[in-house]
file work_37.cif (mmCIF, C-alpha atoms)
data_my_file
loop_
_atom_site.label_atom_id
_atom_site.label_comp_id
_atom_site.auth_asym_id
_atom_site.auth_seq_id
_atom_site.Cartn_x
_atom_site.Cartn_y
_atom_site.Cartn_z
CA MET A 1 13.96 -0.68 -4.23
CA THR A 2 12.55 -1.73 -0.89
CA SER A 3 14.12 -5.07 -0.10
CA GLY A 4 11.82 -7.82 1.06
CA THR A 5 8.80 -6.29 -0.61
CA ALA A 6 10.21 -5.99 -4.10
CA THR A 7 7.76 -6.64 -6.87
CA THR A 8 8.57 -9.33 -9.39
CA PHE A 9 9.98 -8.53 -12.78
CA ASP A 10 7.00 -10.24 -14.46
CA LEU A 11 4.40 -8.11 -12.68
CA LEU A 12 6.26 -4.88 -13.46
CA LEU A 13 6.55 -5.93 -17.10
CA ALA A 14 2.81 -6.68 -17.24
CA LEU A 15 1.95 -3.27 -15.79
CA GLY A 16 4.51 -1.42 -17.88
CA ASP A 17 3.64 -3.23 -21.12
CA ASP A 18 -0.09 -2.57 -20.58
CA ALA A 19 0.65 1.14 -20.33
CA LEU A 20 3.18 1.22 -23.17
CA VAL A 21 0.99 -0.63 -25.68
CA MET A 22 -2.00 1.53 -24.75
CA ALA A 23 0.18 4.63 -25.24
CA GLN A 24 1.22 3.45 -28.70
CA ARG A 25 -2.36 2.67 -29.76
CA LEU A 26 -3.64 6.02 -28.44
CA GLY A 27 -0.77 7.94 -30.01
CA GLY A 28 -1.74 6.48 -33.36
CA TRP A 29 -4.97 8.49 -33.21
CA CYS A 30 -3.28 11.87 -33.05
CA THR A 31 -4.32 13.81 -36.20
CA ARG A 32 -6.91 11.11 -37.07
CA ALA A 33 -9.50 11.69 -34.33
CA PRO A 34 -13.00 12.94 -35.20
CA GLU A 35 -12.38 16.38 -33.65
CA MET A 36 -9.29 18.47 -33.06
CA GLU A 37 -10.01 18.49 -29.31
CA GLU A 38 -9.97 14.72 -29.48
CA ASP A 39 -6.52 14.66 -31.08
CA VAL A 40 -5.33 16.61 -28.06
CA ALA A 41 -7.23 14.49 -25.56
CA LEU A 42 -6.02 11.14 -26.88
CA ALA A 43 -2.44 12.38 -27.15
CA ASN A 44 -2.67 13.57 -23.54
CA ILE A 45 -3.92 10.19 -22.36
CA ALA A 46 -1.19 8.51 -24.39
CA LEU A 47 1.37 10.73 -22.68
CA ASP A 48 0.07 9.75 -19.23
CA GLN A 49 0.28 6.09 -20.23
CA LEU A 50 3.78 6.56 -21.60
CA GLY A 51 4.87 8.31 -18.41
CA ALA A 52 3.63 5.43 -16.28
CA ALA A 53 5.22 2.91 -18.68
CA ARG A 54 8.63 4.59 -18.40
CA LEU A 55 8.53 4.54 -14.60
CA LEU A 56 7.34 0.92 -14.51
CA LEU A 57 9.78 -0.41 -17.11
CA GLY A 58 12.66 1.51 -15.55
CA TYR A 59 11.86 -0.17 -12.25
CA ALA A 60 11.45 -3.55 -13.99
CA GLY A 61 14.91 -3.23 -15.49
CA GLU A 62 16.43 -2.55 -12.08
CA VAL A 63 14.62 -5.51 -10.51
CA GLU A 64 15.82 -7.78 -13.29
CA GLY A 65 19.40 -6.61 -12.72
CA ALA A 66 20.58 -7.55 -16.20
CA GLY A 67 21.47 -4.03 -17.27
CA ARG A 68 18.33 -3.40 -19.34
CA ASP A 69 16.91 0.10 -19.01
CA GLU A 70 13.45 1.34 -20.06
CA ASP A 71 14.56 1.77 -23.66
CA ALA A 72 16.07 -1.70 -23.90
CA LEU A 73 12.86 -3.19 -22.55
CA ALA A 74 10.60 -1.13 -24.80
CA PHE A 75 12.55 -1.30 -28.04
CA LEU A 76 14.51 -4.53 -27.95
CA ARG A 77 11.96 -7.15 -26.97
CA THR A 78 9.93 -9.17 -29.46
CA ASP A 79 6.19 -9.71 -29.20
CA ARG A 80 6.75 -13.05 -27.45
CA GLU A 81 8.59 -11.19 -24.69
CA TYR A 82 5.81 -8.65 -24.13
CA ARG A 83 3.47 -9.25 -21.19
CA ASN A 84 0.58 -6.85 -21.88
CA ALA A 85 -3.00 -8.10 -21.87
CA LEU A 86 -4.40 -8.76 -25.36
CA LEU A 87 -7.03 -6.02 -25.02
CA ALA A 88 -4.35 -3.31 -25.13
CA GLU A 89 -2.97 -4.41 -28.48
CA LEU A 90 -6.25 -4.99 -30.35
CA PRO A 91 -6.49 -2.85 -33.48
CA ASP A 92 -8.80 0.14 -33.11
CA GLU A 93 -9.41 1.33 -36.62
CA ASP A 94 -12.98 2.28 -35.67
CA PHE A 95 -13.20 5.10 -33.12
CA ALA A 96 -15.94 3.14 -31.35
CA VAL A 97 -13.47 0.30 -30.70
CA LEU A 98 -10.97 2.76 -29.30
CA THR A 99 -13.70 4.15 -27.05
CA ALA A 100 -14.65 0.70 -25.74
CA LYS A 101 -11.00 -0.14 -25.12
CA LEU A 102 -10.44 3.17 -23.35
CA LEU A 103 -13.36 2.63 -20.99
CA PHE A 104 -12.70 -1.03 -20.27
CA PHE A 105 -8.92 -0.90 -20.04
CA CYS A 106 -8.56 2.34 -18.10
CA ALA A 107 -11.26 1.28 -15.61
CA PHE A 108 -9.16 -1.83 -15.01
CA GLN A 109 -5.93 0.15 -14.69
CA ARG A 110 -7.50 2.55 -12.22
CA LEU A 111 -8.57 -0.30 -9.93
CA ARG A 112 -5.21 -1.98 -10.19
CA TYR A 113 -3.26 1.21 -9.54
CA ALA A 114 -5.52 2.06 -6.59
CA ARG A 115 -4.70 -1.27 -5.00
CA LEU A 116 -0.97 -1.01 -5.71
CA ALA A 117 -0.89 2.54 -4.33
CA GLY A 118 -1.62 1.05 -0.91
CA GLY A 119 0.73 -1.91 -1.35
CA PRO A 120 3.94 -2.80 0.50
CA ASP A 121 6.37 -1.96 -2.32
CA GLU A 122 6.98 1.74 -1.71
CA ARG A 123 8.40 2.49 -5.12
CA LEU A 124 5.56 0.80 -6.97
CA ALA A 125 3.07 2.45 -4.61
CA ALA A 126 4.49 5.86 -5.52
CA ILE A 127 4.20 5.16 -9.27
CA ALA A 128 0.67 3.80 -8.86
CA GLY A 129 -0.32 6.66 -6.56
CA LYS A 130 0.35 9.12 -9.37
CA ALA A 131 -1.10 6.98 -12.14
CA VAL A 132 -4.38 6.33 -10.34
CA LYS A 133 -5.22 10.02 -10.27
CA GLU A 134 -4.56 10.35 -13.98
CA SER A 135 -6.57 7.17 -14.67
CA ALA A 136 -9.69 8.76 -13.25
CA TYR A 137 -9.64 11.26 -16.13
CA HIS A 138 -9.05 8.50 -18.69
CA VAL A 139 -12.03 6.50 -17.46
CA ASP A 140 -14.16 9.62 -17.43
CA HIS A 141 -13.22 10.33 -21.04
CA GLY A 142 -13.98 6.79 -22.20
CA ALA A 143 -17.30 6.86 -20.35
CA GLN A 144 -18.35 10.16 -21.91
CA TRP A 145 -17.68 8.96 -25.45
CA THR A 146 -19.39 5.63 -24.77
CA VAL A 147 -22.55 7.48 -23.76
CA ARG A 148 -22.29 10.00 -26.58
CA LEU A 149 -21.95 7.29 -29.23
CA GLY A 150 -24.19 4.66 -27.64
CA ASP A 151 -27.01 7.09 -26.95
CA GLY A 152 -26.43 9.01 -30.18
CA THR A 153 -27.71 8.22 -33.67
CA ALA A 154 -28.82 4.79 -34.86
CA GLY A 155 -25.54 4.50 -36.72
CA SER A 156 -23.31 5.48 -33.80
CA HIS A 157 -25.30 3.20 -31.49
CA ALA A 158 -24.83 0.22 -33.78
CA ARG A 159 -21.10 0.83 -34.11
CA MET A 160 -20.63 1.35 -30.38
CA GLN A 161 -22.55 -1.85 -29.60
CA ALA A 162 -20.51 -3.77 -32.16
CA ALA A 163 -17.32 -2.42 -30.59
CA VAL A 164 -18.38 -3.39 -27.08
CA ASP A 165 -19.32 -6.88 -28.31
CA GLU A 166 -15.99 -7.22 -30.12
CA VAL A 167 -13.70 -6.37 -27.22
CA TRP A 168 -15.74 -7.68 -24.28
CA PRO A 169 -14.27 -11.23 -24.45
CA TYR A 170 -10.80 -9.77 -23.99
CA THR A 171 -11.70 -8.14 -20.69
CA HIS A 172 -11.63 -11.48 -18.86
CA GLU A 173 -7.87 -11.78 -19.18
CA LEU A 174 -7.41 -8.50 -17.32
CA PHE A 175 -8.47 -10.15 -14.08
CA ASP A 176 -6.42 -13.33 -14.24
CA ASP A 177 -3.99 -11.99 -11.62
CA GLU A 178 -6.60 -10.39 -9.38
CA PRO A 179 -10.02 -11.99 -10.07
CA GLU A 180 -11.60 -10.15 -7.16
CA LEU A 181 -11.22 -6.82 -9.00
CA ARG A 182 -13.72 -7.80 -11.68
CA ALA A 183 -16.77 -7.12 -9.51
CA ALA A 184 -15.60 -3.55 -8.88
CA TRP A 185 -14.79 -3.17 -12.56
CA LEU A 186 -18.28 -4.33 -13.55
CA SER A 187 -19.77 -1.82 -11.14
CA THR A 188 -17.88 0.89 -13.07
CA VAL A 189 -18.60 -0.17 -16.64
CA GLU A 190 -22.12 -1.61 -16.38
CA PRO A 191 -23.79 1.69 -15.40
CA VAL A 192 -21.94 3.41 -18.25
CA LEU A 193 -23.20 0.83 -20.76
CA ALA A 194 -26.72 1.14 -19.36
CA GLY A 195 -26.54 4.94 -19.56
CA ALA A 196 -25.38 4.59 -23.16
CA THR A 197 -28.38 2.34 -23.97
CA LEU A 198 -25.95 -0.45 -24.80
CA SER A 199 -26.34 -4.13 -23.96
CA ARG A 200 -23.75 -5.64 -21.70
CA PRO A 201 -22.49 -8.69 -23.62
CA ALA A 202 -22.84 -12.14 -22.13
CA ASP A 203 -19.69 -13.70 -20.72
CA GLY A 204 -18.42 -16.58 -22.80
CA TRP A 205 -15.33 -16.88 -24.94
CA ALA A 206 -12.38 -15.54 -22.99
CA PRO A 207 -9.18 -15.37 -25.04
CA ARG A 208 -5.97 -14.99 -23.06
CA GLY A 209 -2.26 -15.50 -23.39
CA GLY A 210 -0.81 -11.99 -23.31
CA ARG A 211 0.64 -12.41 -19.82
CA ASP A 212 2.57 -15.44 -21.13
CA GLY A 213 3.75 -13.74 -24.31
CA ARG A 214 1.20 -15.38 -26.63
CA HIS A 215 -0.24 -12.43 -28.49
CA THR A 216 -2.51 -11.66 -31.40
CA GLU A 217 -0.98 -10.92 -34.75
CA ALA A 218 -1.61 -7.21 -34.12
CA LEU A 219 1.15 -6.79 -31.53
CA ALA A 220 4.02 -7.66 -33.85
CA TYR A 221 2.93 -4.95 -36.31
CA LEU A 222 2.52 -2.43 -33.50
CA LEU A 223 6.00 -3.20 -32.19
CA ALA A 224 7.54 -3.12 -35.65
CA GLU A 225 6.35 0.45 -36.08
CA MET A 226 7.29 1.49 -32.54
CA GLN A 227 10.74 -0.11 -32.60
CA VAL A 228 11.95 0.49 -36.13
CA LEU A 229 13.85 3.69 -35.43
CA HIS A 230 15.63 2.36 -32.38
CA ARG A 231 16.52 -0.88 -34.12
CA ALA A 232 17.79 0.91 -37.23
CA HIS A 233 19.76 3.47 -35.22
CA PRO A 234 20.56 1.94 -31.83
CA GLY A 235 20.97 4.57 -29.11
CA ALA A 236 19.84 7.42 -31.37
CA THR A 237 19.05 10.66 -29.50
CA TRP A 238 18.01 14.13 -30.59
CA MET B 1 21.36 34.57 -3.59
CA SER B 2 21.24 31.40 -1.57
CA PRO B 3 20.68 28.11 -3.41
CA GLN B 4 17.14 28.06 -1.98
CA GLU B 5 16.33 31.53 -3.33
CA THR B 6 17.94 30.71 -6.67
CA VAL B 7 15.87 27.58 -7.24
CA ALA B 8 12.70 29.16 -5.88
CA ALA B 9 12.91 31.80 -8.62
CA VAL B 10 13.05 29.30 -11.51
CA VAL B 11 9.85 29.52 -13.55
CA ASP B 12 7.88 26.63 -14.98
CA PRO B 13 8.90 26.13 -18.63
CA GLU B 14 5.34 25.59 -19.86
CA ILE B 15 3.41 28.06 -17.72
CA ARG B 16 6.01 30.76 -17.46
CA VAL B 17 4.04 33.07 -15.20
CA LEU B 18 4.66 31.09 -12.04
CA THR B 19 7.68 29.56 -10.35
CA LEU B 20 8.35 25.90 -9.68
CA GLU B 21 7.86 26.65 -6.01
CA GLU B 22 4.45 28.25 -6.59
CA LEU B 23 3.47 25.31 -8.76
CA GLY B 24 4.30 22.91 -5.93
CA VAL B 25 6.84 21.03 -8.04
CA LEU B 26 9.80 22.02 -5.85
CA ARG B 27 10.06 19.76 -2.79
CA SER B 28 13.33 20.82 -1.17
CA VAL B 29 16.75 22.37 -1.64
CA ALA B 30 19.48 21.01 0.61
CA VAL B 31 23.14 22.00 0.81
CA GLY B 32 25.52 19.29 1.97
CA GLY B 33 28.68 19.78 4.03
CA ASP B 34 30.71 19.44 0.84
CA GLY B 35 28.74 22.26 -0.79
CA ARG B 36 26.75 19.99 -3.05
CA VAL B 37 23.24 21.30 -3.69
CA THR B 38 20.55 18.63 -3.83
CA VAL B 39 17.26 19.77 -5.32
CA THR B 40 14.23 17.51 -4.99
CA ILE B 41 11.37 17.98 -7.43
CA THR B 42 8.17 16.09 -8.23
CA PRO B 43 6.44 15.78 -11.61
CA THR B 44 2.93 17.15 -12.10
CA TYR B 45 1.89 14.25 -14.35
CA SER B 46 3.72 10.92 -14.84
CA GLY B 47 4.49 11.76 -18.43
CA CYS B 48 5.11 15.47 -18.03
CA PRO B 49 7.48 16.25 -20.92
CA ALA B 50 8.74 19.41 -19.18
CA MET B 51 10.68 17.50 -16.53
CA ASP B 52 13.92 17.39 -18.51
CA VAL B 53 13.73 21.13 -19.14
CA ILE B 54 12.93 21.77 -15.46
CA ARG B 55 16.01 19.80 -14.39
CA SER B 56 18.14 21.64 -16.87
CA ASP B 57 16.75 25.07 -15.86
CA ILE B 58 17.43 24.37 -12.17
CA ARG B 59 20.94 23.25 -12.96
CA SER B 60 21.74 26.28 -15.09
CA ALA B 61 20.23 28.73 -12.56
CA LEU B 62 22.40 27.27 -9.81
CA THR B 63 25.48 27.19 -12.02
CA SER B 64 24.98 30.83 -12.96
CA ALA B 65 24.68 31.67 -9.27
CA GLY B 66 28.01 29.97 -8.59
CA TYR B 67 26.83 26.60 -7.31
CA LEU B 68 28.55 24.12 -9.57
CA ASP B 69 27.95 20.84 -7.75
CA VAL B 70 24.25 20.16 -8.29
CA ASP B 71 22.12 17.05 -7.99
CA VAL B 72 18.47 17.12 -9.09
CA VAL B 73 16.43 14.27 -7.62
CA THR B 74 12.89 13.29 -8.64
CA GLN B 75 10.50 12.14 -5.94
CA LEU B 76 7.07 10.73 -6.81
CA ALA B 77 5.47 10.30 -3.39
CA PRO B 78 3.42 11.95 -2.12
CA ALA B 79 1.94 12.49 -5.56
CA TRP B 80 1.67 16.06 -6.79
CA SER B 81 -1.74 17.66 -6.47
CA THR B 82 -3.13 20.91 -7.79
CA ASP B 83 -3.89 21.69 -4.14
CA LEU B 84 -0.13 22.33 -3.80
CA ILE B 85 -0.31 25.41 -6.05
CA SER B 86 0.23 28.39 -3.78
CA GLN B 87 -2.12 31.35 -3.38
CA SER B 88 0.29 33.64 -5.23
CA GLY B 89 0.54 31.00 -7.97
CA ARG B 90 -3.25 30.93 -8.30
CA GLU B 91 -3.39 34.70 -8.60
CA LYS B 92 -0.72 34.70 -11.29
CA LEU B 93 -2.53 32.00 -13.25
CA ALA B 94 -5.79 33.94 -13.16
CA ALA B 95 -4.00 37.12 -14.23
CA ALA B 96 -2.54 35.22 -17.18
CA GLY B 97 -5.98 34.06 -18.31
CA ILE B 98 -5.71 30.52 -16.94
CA ALA B 99 -8.42 29.48 -14.49
CA PRO B 100 -6.79 28.24 -11.27
CA PRO B 101 -7.70 24.74 -10.09
CA ARG B 102 -10.65 23.92 -7.91
CA SER B 103 -10.08 21.65 -4.90
CA ALA B 104 -8.79 18.23 -5.89
CA ALA B 105 -9.86 16.52 -2.66
CA ARG B 106 -11.78 13.36 -3.49
CA PRO B 107 -13.13 10.45 -1.52
CA GLU B 108 -11.37 7.07 -1.59
CA GLY B 109 -7.88 8.48 -1.80
CA GLY B 110 -8.08 9.56 -5.40
CA ALA B 111 -9.78 6.44 -6.71
CA GLY B 112 -13.24 8.00 -6.90
CA PRO B 113 -14.83 9.63 -9.88
CA VAL B 114 -13.55 12.92 -11.22
CA ARG B 115 -15.63 15.69 -9.70
CA VAL B 116 -16.93 18.21 -12.14
CA ALA B 117 -17.94 21.46 -10.53
CA LEU B 118 -20.98 23.26 -11.86
CA SER B 119 -18.95 26.09 -13.26
CA VAL B 120 -15.52 27.62 -13.59
CA ARG B 121 -15.40 31.38 -13.82
CA CYS B 122 -14.03 32.84 -17.01
CA PRO B 123 -10.61 34.29 -16.12
CA ARG B 124 -11.09 37.07 -18.66
CA CYS B 125 -14.57 38.46 -17.99
CA GLY B 126 -15.46 36.72 -14.72
CA SER B 127 -18.67 35.19 -16.03
CA PRO B 128 -19.74 31.86 -14.52
CA ASP B 129 -21.48 31.01 -17.81
CA THR B 130 -18.74 28.72 -19.10
CA GLN B 131 -18.57 25.29 -20.67
CA ARG B 132 -15.89 22.62 -20.57
CA LEU B 133 -14.98 21.55 -24.09
CA SER B 134 -12.48 18.88 -23.12
CA ALA B 135 -10.81 17.58 -19.99
CA PHE B 136 -7.57 17.63 -21.97
CA GLY B 137 -5.90 20.82 -23.12
CA SER B 138 -2.65 22.27 -24.37
CA THR B 139 -0.59 20.65 -21.62
CA ALA B 140 -1.14 17.56 -19.48
CA CYS B 141 -2.34 19.64 -16.54
CA LYS B 142 -4.95 21.73 -18.36
CA ALA B 143 -8.57 21.37 -19.46
CA LEU B 144 -10.08 23.38 -22.30
CA TRP B 145 -13.07 25.65 -21.61
CA ARG B 146 -15.00 28.36 -23.37
CA CYS B 147 -16.87 31.33 -22.00
CA ARG B 148 -20.39 31.78 -23.29
CA ALA B 149 -20.47 35.41 -22.19
CA CYS B 150 -17.32 36.81 -23.83
CA ARG B 151 -17.01 33.88 -26.30
CA GLU B 152 -13.31 33.39 -25.57
CA PRO B 153 -11.72 29.98 -25.05
CA PHE B 154 -9.56 29.54 -21.96
CA ASP B 155 -7.50 26.94 -20.12
CA GLU B 156 -8.15 25.64 -16.64
CA ILE B 157 -5.61 23.87 -14.46
CA LYS B 158 -7.75 20.80 -13.86
CA PRO B 159 -7.99 19.41 -10.36
CA LEU B 160 -5.62 16.50 -9.74
#
call {"tool": "encode", "arguments": {"input": "work_37.cif", "output": "structure tokens"}}
result
Amino acid sequence: MTSGTATTFDLLLALGDDALVMAQRLGGWCTRAPEMEEDVALANIALDQLGAARLLLGYAGEVEGAGRDEDALAFLRTDREYRNALLAELPDEDFAVLTAKLLFFCAFQRLRYARLAGGPDERLAAIAGKAVKESAYHVDHGAQWTVRLGDGTAGSHARMQAAVDEVWPYTHELFDDEPELRAAWLSTVEPVLAGATLSRPADGWAPRGGRDGRHTEALAYLLAEMQVLHRAHPGATW
Amino acid sequence: MSPQETVAAVVDPEIRVLTLEELGVLRSVAVGGDGRVTVTITPTYSGCPAMDVIRSDIRSALTSAGYLDVDVVTQLAPAWSTDLISQSGREKLAAAGIAPPRSAARPEGGAGPVRVALSVRCPRCGSPDTQRLSAFGSTACKALWRCRACREPFDEIKPL
């Protein structure tokens, strides 16, 4: 830790929980994706997210100084103690919803990591400096599927548009900490939506609360599945 | 063998044709006054699952060579890049049927879009008539391609 420029526990939790919850959602697609290549791709992106989450939560535990390591933070907190943005936890039973989340969320992460990579906290800058390079591939993947589905058949277009409309309100919360990043984010996602022949939804309803631990019902179920083994067998290794 | 030579000969557990040094994962090997060997490595990807095996392989290589006091340290910055793969490493990858990476240099310090080159040559038949099937392959660092000339699939170490 670099004293004097240490990042707060809350910010590290927000960053780490964003990555961890995304990893869990993406991992859930392995063996269920529309193509075998996609099983591999989504599992790879999940692994990148999990890698970043481990580094961020490990650092968060040290900053907190209460003896909690990455596992304690991941497996022994309730939904009210999680600080991820709501968008990460939203259910993605339709592949189009996953695609919209991937594009919107990873475009946000890439901008945030790019900024942190040049920040004063050296340890966080090192973590972000790695993650930002990986993020570029995640955004690219989300963008390619958005175009493929949006500019595909009438059916895939309708589902992709419905997915974009469904998750768009949740993108506002992403920029609560750094509102100035939203313009850059829009300049990433708007051309993709246009290229996919999709309408960019109007801004309006903007649900939030994730950063304060007020989550949708979906997070508790996600955590129950993720944490059950560790809670049933504390400290289990293999 | 010196500790440096010992560690430099350890191969990557996932791509076993090249060494950790050729892959650019090995940062330094230092021997302290008390004989302790400190090895500094860097992960390719944040979530690279091979890191635990790499640490263990380094430790066992040094132990076998008679260096019992070993510390393996992970260093993230500067972030690993495929540009760190050595020339000999690139040749070994190509010989093993894995296309070596193109240049990873990007504008805006890595925040820009992923550059997709027009073509990657098939490492088997040399044809430039290839197609990327997925940016994500059998390990975190690989993309999946196919050759339209010889019809074989192949991996590429994707630029990072």
call {"tool": "residues_around", "arguments": {"input": "work_37.cif", "residues": "A:Asp176", "least_positions_apart": "5", "cutoff": "12 Å", "atoms": "all atoms listed in the file", "output": "ChimeraX atom specification"}}
result
/A:14,85,108,170-171,181-182,206-212
call {"tool": "resolve_selection", "arguments": {"input": "work_37.cif", "expression": "the PyMOL selection byres ((chain B and resi 144) around 8)", "output": "MDAnalysis selection string"}}
result
chainID B and resid 132:138 142:143 145:146 153:156
call {"tool": "axis_aligned_box", "arguments": {"input": "work_37.cif", "around": "stretch 194-201 of chain A", "padding_each_side": "3 Å", "output": "AutoDock Vina command-line options"}}
result
--center_x -25.4 --center_y -1.9 --center_z -22.1 --size_x 11.9 --size_y 19.6 --size_z 11.4
call {"tool": "resolve_selection", "arguments": {"input": "work_37.cif", "expression": "the PyMOL selection byres ((chain A) within 7 of (chain B))", "output": "PDB file with C-alpha atoms, in the frame of the given file"}}
result
ATOM      1  CA  GLU A  37     -10.010  18.490 -29.310  1.00  0.00           C
ATOM      2  CA  VAL A  40      -5.330  16.610 -28.060  1.00  0.00           C
ATOM      3  CA  ALA A  41      -7.230  14.490 -25.560  1.00  0.00           C
ATOM      4  CA  ASN A  44      -2.670  13.570 -23.540  1.00  0.00           C
ATOM      5  CA  LEU A  47       1.370  10.730 -22.680  1.00  0.00           C
ATOM      6  CA  ASP A  48       0.070   9.750 -19.230  1.00  0.00           C
ATOM      7  CA  LEU A  50       3.780   6.560 -21.600  1.00  0.00           C
ATOM      8  CA  GLY A  51       4.870   8.310 -18.410  1.00  0.00           C
ATOM      9  CA  ALA A  52       3.630   5.430 -16.280  1.00  0.00           C
ATOM     10  CA  ALA A 114      -5.520   2.060  -6.590  1.00  0.00           C
ATOM     11  CA  ALA A 126       4.490   5.860  -5.520  1.00  0.00           C
ATOM     12  CA  ILE A 127       4.200   5.160  -9.270  1.00  0.00           C
ATOM     13  CA  GLY A 129      -0.320   6.660  -6.560  1.00  0.00           C
ATOM     14  CA  LYS A 130       0.350   9.120  -9.370  1.00  0.00           C
ATOM     15  CA  ALA A 131      -1.100   6.980 -12.140  1.00  0.00           C
ATOM     16  CA  VAL A 132      -4.380   6.330 -10.340  1.00  0.00           C
ATOM     17  CA  LYS A 133      -5.220  10.020 -10.270  1.00  0.00           C
ATOM     18  CA  ALA A 136      -9.690   8.760 -13.250  1.00  0.00           C
ATOM     19  CA  TYR A 137      -9.640  11.260 -16.130  1.00  0.00           C
TER      20      TYR A 137
END
call {"tool": "resolve_selection", "arguments": {"input": "work_37.cif", "expression": "the PyMOL selection byres ((chain B and resi 11) around 10)", "output": "ChimeraX atom specification"}}
result
/B:7-10,12-23,54,57-58
call {"tool": "write_last_selection", "arguments": {"input": "work_37.cif", "atoms": "C-alpha atoms", "output": "mmCIF file, in the frame of the given file"}}
result
data_model
loop_
_atom_site.group_PDB
_atom_site.id
_atom_site.type_symbol
_atom_site.label_atom_id
_atom_site.label_comp_id
_atom_site.auth_asym_id
_atom_site.auth_seq_id
_atom_site.Cartn_x
_atom_site.Cartn_y
_atom_site.Cartn_z
ATOM 1 C CA VAL B 7 15.870 27.580 -7.240
ATOM 2 C CA ALA B 8 12.700 29.160 -5.880
ATOM 3 C CA ALA B 9 12.910 31.800 -8.620
ATOM 4 C CA VAL B 10 13.050 29.300 -11.510
ATOM 5 C CA ASP B 12 7.880 26.630 -14.980
ATOM 6 C CA PRO B 13 8.900 26.130 -18.630
ATOM 7 C CA GLU B 14 5.340 25.590 -19.860
ATOM 8 C CA ILE B 15 3.410 28.060 -17.720
ATOM 9 C CA ARG B 16 6.010 30.760 -17.460
ATOM 10 C CA VAL B 17 4.040 33.070 -15.200
ATOM 11 C CA LEU B 18 4.660 31.090 -12.040
ATOM 12 C CA THR B 19 7.680 29.560 -10.350
ATOM 13 C CA LEU B 20 8.350 25.900 -9.680
ATOM 14 C CA GLU B 21 7.860 26.650 -6.010
ATOM 15 C CA GLU B 22 4.450 28.250 -6.590
ATOM 16 C CA LEU B 23 3.470 25.310 -8.760
ATOM 17 C CA ILE B 54 12.930 21.770 -15.460
ATOM 18 C CA ASP B 57 16.750 25.070 -15.860
ATOM 19 C CA ILE B 58 17.430 24.370 -12.170
#
call {"tool": "residues_around", "arguments": {"input": "work_37.cif", "residues": "A:Trp29", "least_positions_apart": "5", "cutoff": "12 Å", "atoms": "only C-alpha atoms", "output": "list of chain:residue names"}}
result
A:Met22, A:Ala23, A:Gln24, A:Pro34, A:Glu35, A:Met36, A:Glu37, A:Glu38, A:Asp39, A:Val40, A:Ala41, A:Leu42, A:Ala43, A:Asn44, A:Ile45, A:Ala46, A:Pro91, A:Asp92, A:Glu93, A:Asp94, A:Phe95, A:Leu98, A:Thr99
call {"tool": "atom_distance", "arguments": {"input": "work_37.cif", "atom1": "atom CA of A:Leu198", "atom2": "atom CA of A:Phe105"}}
result
17.7 Å
call {"tool": "atom_distance", "arguments": {"input": "work_37.cif", "atom1": "atom CA of A:Arg110", "atom2": "atom CA of B:Ser28"}}
result
29.8 Å
call {"tool": "residues_around", "arguments": {"input": "work_37.cif", "residues": "B:Val39", "least_positions_apart": "4", "cutoff": "10 Å", "atoms": "only C-alpha atoms", "output": "VMD selection string"}}
result
chain B and resid 3 to 4 7 26 to 31 55 58 to 59 70 to 74
call {"tool": "write_last_selection", "arguments": {"input": "work_37.cif", "atoms": "C-alpha atoms", "output": "short mmCIF file (atom, residue, chain, number, x, y, z; two decimals), in the coordinates of the input"}}
result
data_model
loop_
_atom_site.label_atom_id
_atom_site.label_comp_id
_atom_site.auth_asym_id
_atom_site.auth_seq_id
_atom_site.Cartn_x
_atom_site.Cartn_y
_atom_site.Cartn_z
CA PRO B 3 20.68 28.11 -3.41
CA GLN B 4 17.14 28.06 -1.98
CA VAL B 7 15.87 27.58 -7.24
CA LEU B 26 9.80 22.02 -5.85
CA ARG B 27 10.06 19.76 -2.79
CA SER B 28 13.33 20.82 -1.17
CA VAL B 29 16.75 22.37 -1.64
CA ALA B 30 19.48 21.01 0.61
CA VAL B 31 23.14 22.00 0.81
CA ARG B 55 16.01 19.80 -14.39
CA ILE B 58 17.43 24.37 -12.17
CA ARG B 59 20.94 23.25 -12.96
CA VAL B 70 24.25 20.16 -8.29
CA ASP B 71 22.12 17.05 -7.99
CA VAL B 72 18.47 17.12 -9.09
CA VAL B 73 16.43 14.27 -7.62
CA THR B 74 12.89 13.29 -8.64
#
call {"tool": "residues_around", "arguments": {"input": "work_37.cif", "residues": "A:Arg77", "least_positions_apart": "4", "cutoff": "12 Å", "atoms": "only C-alpha atoms", "output": "VMD selection string"}}
result
chain A and resid 13 17 68 to 73 81 to 83 213 219 to 220 223 to 224 226 to 228 230 to 231
call {"tool": "atom_distance", "arguments": {"input": "work_37.cif", "atom1": "atom CA of B:Pro101", "atom2": "atom CA of B:Val120"}}
result
9.0 Å
call {"tool": "residues_around", "arguments": {"input": "work_37.cif", "residues": "A:Gly204", "least_positions_apart": "5", "cutoff": "10 Å", "atoms": "all atoms listed in the file", "output": "mmCIF file with C-alpha atoms, in the frame of the given file"}}
result
data_model
loop_
_atom_site.group_PDB
_atom_site.id
_atom_site.type_symbol
_atom_site.label_atom_id
_atom_site.label_comp_id
_atom_site.auth_asym_id
_atom_site.auth_seq_id
_atom_site.Cartn_x
_atom_site.Cartn_y
_atom_site.Cartn_z
ATOM 1 C CA TRP A 168 -15.740 -7.680 -24.280
ATOM 2 C CA PRO A 169 -14.270 -11.230 -24.450
ATOM 3 C CA HIS A 172 -11.630 -11.480 -18.860
#
